[in-house]
Amino acid sequence: MLWQKFETFAARALLSLPNSVLRVFGKDIKRGRTLDPKVRTALLLAKIKPKPENLPPPKARELFKSIMSFFDLEKVELPRVENFSIPGTGSRIQVRLYSSNINKDLEPCLLYFHGGGFVIGDLESHDPPLRYLAKTSGRAILAVDYRLGPEHIYPSSWEDAYSAYKWVKENGKAIGIDPKRIAVAGDSAGGNLAISISTRAKKEKQPLPQFQILIYPWIDLIQERKSVEEFANGYALTRDLLRYFKYHSVPNSKDWKDPRVTPFQQTNFSHTPKTYMLIAGFDPLQDEGLAYADLLQKAKVKLEIKTYETLIHGFFNLGRSVPEAKNALDQIAKWIQVGFSGK
């Protein structure tokens, strides 16, 4: 414990240095973009830790939370943070509600699915940025602790995500949520789950989310695009880690072709709600995100997309140490406000 506190103190102290000093460690340039100096330093610091793809999933989960604690925001206090469980198709699903609302009026709610390759991540790993978004946007957020592989392989994560959506649509009023004003969001694998909500809701003729926010989504489990090769190593999310996630969560290759798992398998995208998307310039998943955006534009889906050229996959959890990552969180908060305003 004492050593971990020292590591955290040292990492934060180093990352607090100005970029002009951190550039002494060198530059990283790809696709005409220069990696943020603080991100590059964070990646150097992370090298002292084992690679998650070399660990069993329980250890990888512990490592992820440990590393994120170096860089994540301080916890923001909110009037309302509640943990409870809701029914699922398997066991009950743990969720956490964040709200700044001190009135008794029903409020809109963003249903959030954390990232982590369907293998790591939980309510705690994404708690600081979600607290920040709830306070900054002034809108409620319901985080979903869906089941993970390899203990619960496909379709467990997707089933839990949709169960949570159905539950809040049917029972939202009981917790102060307006069931007619529900949107979905997620980072990485969570972005995949967010997209799957509309896919299944359309199939079951259920109301669609008001909008979706996709943060560097992982949405192609069939093929590895050019950016996966180009950014295969050195940028937190590696090609080997992607494969580790895939084979621990969706081990049967036949399931990769399910439109819920790989949205590119859909034949029609016109049902997709208004979409806001964030892309990272040093992310192996950037090409699939851009390809999905292109399909939405061709289907005339309302879309806003922003690329943070100097950042890596996982910047959602770097808000304390990397100013540009904090700017990205502020952009998400604005999109939440605008999305629920109906503009």
# chains A, B, ... in the order shown; residues from 1 in each chain; ligands from 1

call {"tool": "residues_around", "arguments": {"residues": "region 174-182 of chain A", "least_positions_apart": "3", "cutoff": "6 Å", "atoms": "only C-alpha atoms", "output": "list in words"}}
result
Leu106, Glu107, Pro108, Cys109, Leu110, Lys169, Asn171, Pro209 and Gln210 of chain A

call {"tool": "closest_atom_pairs", "arguments": {"of": "region 179-224 of chain A", "to": "region 254-272 of chain A", "cutoff": "6 Å", "atoms": "only C-alpha atoms", "output": "CSV"}}
result
residue,atom,partner,partner_atom,distance
A:Ser196,CA,A:Arg260,CA,5.0
A:Ile219,CA,A:Thr262,CA,5.3
A:Asp220,CA,A:Thr262,CA,4.9
A:Leu221,CA,A:Trp256,CA,5.6
A:Ile222,CA,A:Trp256,CA,5.8

call {"tool": "select_by_dssp", "arguments": {"residues": "region 26-118 of chain A", "states": "helix (DSSP H, G or I)", "output": "PyMOL selection string"}}
result
chain A and resi 37-46+52-54+57-71

call {"tool": "write_last_selection", "arguments": {"atoms": "N, CA, C and O atoms", "output": "mmCIF file, in the first residue's frame"}}
result
data_model
loop_
_atom_site.group_PDB
_atom_site.id
_atom_site.type_symbol
_atom_site.label_atom_id
_atom_site.label_comp_id
_atom_site.auth_asym_id
_atom_site.auth_seq_id
_atom_site.Cartn_x
_atom_site.Cartn_y
_atom_site.Cartn_z
ATOM 1 N N PRO A 37 2.676 15.252 -24.986
ATOM 2 C CA PRO A 37 3.838 14.940 -24.129
ATOM 3 C C PRO A 37 3.456 14.288 -22.802
ATOM 4 O O PRO A 37 4.174 13.414 -22.306
ATOM 5 N N LYS A 38 2.351 14.700 -22.220
ATOM 6 C CA LYS A 38 1.935 14.098 -20.949
ATOM 7 C C LYS A 38 1.475 12.650 -21.160
ATOM 8 O O LYS A 38 1.724 11.779 -20.317
ATOM 9 N N VAL A 39 0.810 12.398 -22.271
ATOM 10 C CA VAL A 39 0.401 11.035 -22.584
ATOM 11 C C VAL A 39 1.624 10.162 -22.816
ATOM 12 O O VAL A 39 1.704 9.026 -22.322
ATOM 13 N N ARG A 40 2.598 10.703 -23.546
ATOM 14 C CA ARG A 40 3.824 9.933 -23.809
ATOM 15 C C ARG A 40 4.538 9.593 -22.505
ATOM 16 O O ARG A 40 5.031 8.477 -22.317
ATOM 17 N N THR A 41 4.566 10.539 -21.576
ATOM 18 C CA THR A 41 5.185 10.290 -20.278
ATOM 19 C C THR A 41 4.406 9.244 -19.497
ATOM 20 O O THR A 41 4.985 8.364 -18.853
ATOM 21 N N ALA A 42 3.074 9.322 -19.561
ATOM 22 C CA ALA A 42 2.238 8.336 -18.880
ATOM 23 C C ALA A 42 2.497 6.931 -19.430
ATOM 24 O O ALA A 42 2.550 5.953 -18.675
ATOM 25 N N LEU A 43 2.681 6.833 -20.744
ATOM 26 C CA LEU A 43 2.966 5.535 -21.356
ATOM 27 C C LEU A 43 4.318 4.996 -20.893
ATOM 28 O O LEU A 43 4.479 3.785 -20.670
ATOM 29 N N LEU A 44 5.292 5.880 -20.740
ATOM 30 C CA LEU A 44 6.601 5.462 -20.234
ATOM 31 C C LEU A 44 6.481 4.951 -18.795
ATOM 32 O O LEU A 44 7.083 3.943 -18.426
ATOM 33 N N LEU A 45 5.691 5.647 -17.991
ATOM 34 C CA LEU A 45 5.483 5.225 -16.605
ATOM 35 C C LEU A 45 4.795 3.866 -16.536
ATOM 36 O O LEU A 45 5.096 3.036 -15.672
ATOM 37 N N ALA A 46 3.865 3.648 -17.455
ATOM 38 C CA ALA A 46 3.094 2.397 -17.447
ATOM 39 C C ALA A 46 3.962 1.184 -17.776
ATOM 40 O O ALA A 46 3.580 0.042 -17.470
ATOM 41 N N PRO A 52 -1.226 -6.259 -19.318
ATOM 42 C CA PRO A 52 -2.462 -6.952 -18.913
ATOM 43 C C PRO A 52 -2.731 -8.221 -19.707
ATOM 44 O O PRO A 52 -3.305 -9.176 -19.166
ATOM 45 N N GLU A 53 -2.317 -8.247 -20.985
ATOM 46 C CA GLU A 53 -2.572 -9.431 -21.801
ATOM 47 C C GLU A 53 -1.757 -10.643 -21.347
ATOM 48 O O GLU A 53 -2.010 -11.767 -21.794
ATOM 49 N N ASN A 54 -0.786 -10.409 -20.461
ATOM 50 C CA ASN A 54 0.005 -11.518 -19.920
ATOM 51 C C ASN A 54 -0.508 -11.993 -18.559
ATOM 52 O O ASN A 54 0.114 -12.852 -17.935
ATOM 53 N N PRO A 57 -7.458 -12.716 -16.258
ATOM 54 C CA PRO A 57 -8.393 -11.590 -16.175
ATOM 55 C C PRO A 57 -8.563 -10.972 -14.792
ATOM 56 O O PRO A 57 -8.569 -9.735 -14.688
ATOM 57 N N PRO A 58 -8.681 -11.737 -13.699
ATOM 58 C CA PRO A 58 -8.823 -11.075 -12.392
ATOM 59 C C PRO A 58 -7.644 -10.163 -12.062
ATOM 60 O O PRO A 58 -7.832 -9.060 -11.523
ATOM 61 N N LYS A 59 -6.438 -10.585 -12.387
ATOM 62 C CA LYS A 59 -5.252 -9.754 -12.152
ATOM 63 C C LYS A 59 -5.221 -8.560 -13.095
ATOM 64 O O LYS A 59 -4.797 -7.465 -12.728
ATOM 65 N N ALA A 60 -5.658 -8.766 -14.338
ATOM 66 C CA ALA A 60 -5.709 -7.667 -15.305
ATOM 67 C C ALA A 60 -6.681 -6.585 -14.839
ATOM 68 O O ALA A 60 -6.430 -5.388 -15.029
ATOM 69 N N ARG A 61 -7.775 -6.998 -14.222
ATOM 70 C CA ARG A 61 -8.748 -6.026 -13.701
ATOM 71 C C ARG A 61 -8.136 -5.195 -12.576
ATOM 72 O O ARG A 61 -8.320 -3.974 -12.523
ATOM 73 N N GLU A 62 -7.413 -5.839 -11.681
ATOM 74 C CA GLU A 62 -6.758 -5.128 -10.588
ATOM 75 C C GLU A 62 -5.729 -4.144 -11.129
ATOM 76 O O GLU A 62 -5.617 -3.006 -10.653
ATOM 77 N N LEU A 63 -4.958 -4.590 -12.128
ATOM 78 C CA LEU A 63 -3.936 -3.730 -12.728
ATOM 79 C C LEU A 63 -4.568 -2.504 -13.367
ATOM 80 O O LEU A 63 -4.069 -1.381 -13.212
ATOM 81 N N PHE A 64 -5.661 -2.695 -14.087
ATOM 82 C CA PHE A 64 -6.337 -1.587 -14.769
ATOM 83 C C PHE A 64 -6.762 -0.522 -13.769
ATOM 84 O O PHE A 64 -6.499 0.670 -13.951
ATOM 85 N N LYS A 65 -7.394 -0.932 -12.691
ATOM 86 C CA LYS A 65 -7.844 0.038 -11.692
ATOM 87 C C LYS A 65 -6.663 0.736 -11.020
ATOM 88 O O LYS A 65 -6.722 1.935 -10.731
ATOM 89 N N SER A 66 -5.592 -0.010 -10.817
ATOM 90 C CA SER A 66 -4.407 0.569 -10.190
ATOM 91 C C SER A 66 -3.786 1.648 -11.068
ATOM 92 O O SER A 66 -3.454 2.751 -10.600
ATOM 93 N N ILE A 67 -3.646 1.359 -12.356
ATOM 94 C CA ILE A 67 -3.036 2.330 -13.275
ATOM 95 C C ILE A 67 -3.924 3.553 -13.444
ATOM 96 O O ILE A 67 -3.450 4.694 -13.453
ATOM 97 N N MET A 68 -5.244 3.339 -13.559
ATOM 98 C CA MET A 68 -6.147 4.470 -13.740
ATOM 99 C C MET A 68 -6.127 5.419 -12.546
ATOM 100 O O MET A 68 -6.330 6.626 -12.696
ATOM 101 N N SER A 69 -5.823 4.895 -11.372
ATOM 102 C CA SER A 69 -5.800 5.751 -10.180
ATOM 103 C C SER A 69 -4.679 6.790 -10.256
ATOM 104 O O SER A 69 -4.737 7.815 -9.584
ATOM 105 N N PHE A 70 -3.644 6.530 -11.064
ATOM 106 C CA PHE A 70 -2.567 7.503 -11.232
ATOM 107 C C PHE A 70 -3.060 8.761 -11.947
ATOM 108 O O PHE A 70 -2.616 9.868 -11.648
ATOM 109 N N PHE A 71 -3.943 8.567 -12.926
ATOM 110 C CA PHE A 71 -4.224 9.612 -13.894
ATOM 111 C C PHE A 71 -5.636 10.184 -13.849
ATOM 112 O O PHE A 71 -5.912 11.191 -14.489
#

call {"tool": "residues_around", "arguments": {"residues": "Tyr132 (chain A)", "least_positions_apart": "2", "cutoff": "10 Å", "atoms": "only C-alpha atoms", "output": "list in words"}}
result
Leu73, Glu74, Lys75, Val76, Glu77, Leu78, Tyr98, Asp127, Pro128, Pro129, Leu130, Ala134, Lys135, Thr136, Ser137, Gly138, Gly319, Lys326, Leu329, Asp330 and Ala333 of chain A

call {"tool": "closest_residue", "arguments": {"among": "A:Leu278, A:Leu193, A:Gly149, A:Asn252", "to": "Lys306 (chain A)", "atoms": "only C-alpha atoms"}}
result
A:Leu278

call {"tool": "residues_around", "arguments": {"residues": "Val228 (chain A)", "least_positions_apart": "4", "cutoff": "7 Å", "atoms": "only C-alpha atoms", "output": "PyMOL selection string"}}
result
chain A and resi 224+232+239+284-285

call {"tool": "atom_distance", "arguments": {"atom1": "CA of Lys49 (chain A)", "atom2": "CA of Arg12 (chain A)"}}
result
16.0 Å

call {"tool": "atom_distance", "arguments": {"atom1": "CA of Ile48 (chain A)", "atom2": "CA of Phe282 (chain A)"}}
result
20.8 Å

call {"tool": "atom_distance", "arguments": {"atom1": "CA of His248 (chain A)", "atom2": "CA of Phe84 (chain A)"}}
result
27.4 Å

call {"tool": "select_by_dssp", "arguments": {"residues": "region 129-163 of chain A", "states": "strand (DSSP E)", "output": "list in words"}}
result
Ala140, Ile141, Leu142, Ala143, Val144 and Asp145 of chain A

call {"tool": "closest_residue", "arguments": {"among": "A:Val168, A:Val338, A:Ala189, A:Ile86", "to": "Phe211 (chain A)", "atoms": "only C-alpha atoms"}}
result
A:Val338

call {"tool": "residues_around", "arguments": {"residues": "Asp287 (chain A)", "least_positions_apart": "5", "cutoff": "12 Å", "atoms": "only C-alpha atoms", "output": "PyMOL selection string"}}
result
chain A and resi 216-220+223-231+279-282+292-294+307

call {"tool": "write_last_selection", "arguments": {"atoms": "C-alpha atoms", "output": "PDB file, in the first residue's frame"}}
result
ATOM      1  CA  TYR A 216     -13.377   5.490 -29.402  1.00  0.00           C
ATOM      2  CA  PRO A 217     -15.732   2.495 -29.886  1.00  0.00           C
ATOM      3  CA  TRP A 218     -14.542  -1.065 -30.501  1.00  0.00           C
ATOM      4  CA  ILE A 219     -17.013  -2.231 -33.103  1.00  0.00           C
ATOM      5  CA  ASP A 220     -15.238  -4.585 -35.517  1.00  0.00           C
ATOM      6  CA  GLN A 223     -11.158  -7.716 -39.101  1.00  0.00           C
ATOM      7  CA  GLU A 224      -8.158  -5.722 -37.912  1.00  0.00           C
ATOM      8  CA  ARG A 225      -7.994  -2.514 -39.895  1.00  0.00           C
ATOM      9  CA  LYS A 226      -4.883  -0.595 -40.920  1.00  0.00           C
ATOM     10  CA  SER A 227      -4.727   1.452 -37.711  1.00  0.00           C
ATOM     11  CA  VAL A 228      -4.586  -1.756 -35.638  1.00  0.00           C
ATOM     12  CA  GLU A 229      -1.379  -2.640 -37.466  1.00  0.00           C
ATOM     13  CA  GLU A 230       0.006   0.893 -37.421  1.00  0.00           C
ATOM     14  CA  PHE A 231      -0.622   1.414 -33.698  1.00  0.00           C
ATOM     15  CA  ILE A 279     -11.861   9.461 -31.950  1.00  0.00           C
ATOM     16  CA  ALA A 280      -8.290   9.354 -30.619  1.00  0.00           C
ATOM     17  CA  GLY A 281      -5.438  10.064 -33.039  1.00  0.00           C
ATOM     18  CA  PHE A 282      -3.112   7.419 -31.562  1.00  0.00           C
ATOM     19  CA  TYR A 292     -18.724   3.554 -38.907  1.00  0.00           C
ATOM     20  CA  ALA A 293     -19.130   7.331 -39.062  1.00  0.00           C
ATOM     21  CA  ASP A 294     -18.952   7.141 -42.842  1.00  0.00           C
ATOM     22  CA  THR A 307     -10.912  13.664 -33.315  1.00  0.00           C
TER      23      THR A 307
END

call {"tool": "closest_residue", "arguments": {"among": "A:Arg96, A:Arg200, A:Lys274, A:Arg131", "to": "Trp335 (chain A)", "atoms": "only C-alpha atoms"}}
result
A:Lys274

call {"tool": "closest_residue", "arguments": {"among": "A:Ala236, A:Ala291, A:Ile305, A:Val322", "to": "Pro50 (chain A)", "atoms": "only C-alpha atoms"}}
result
A:Ala236
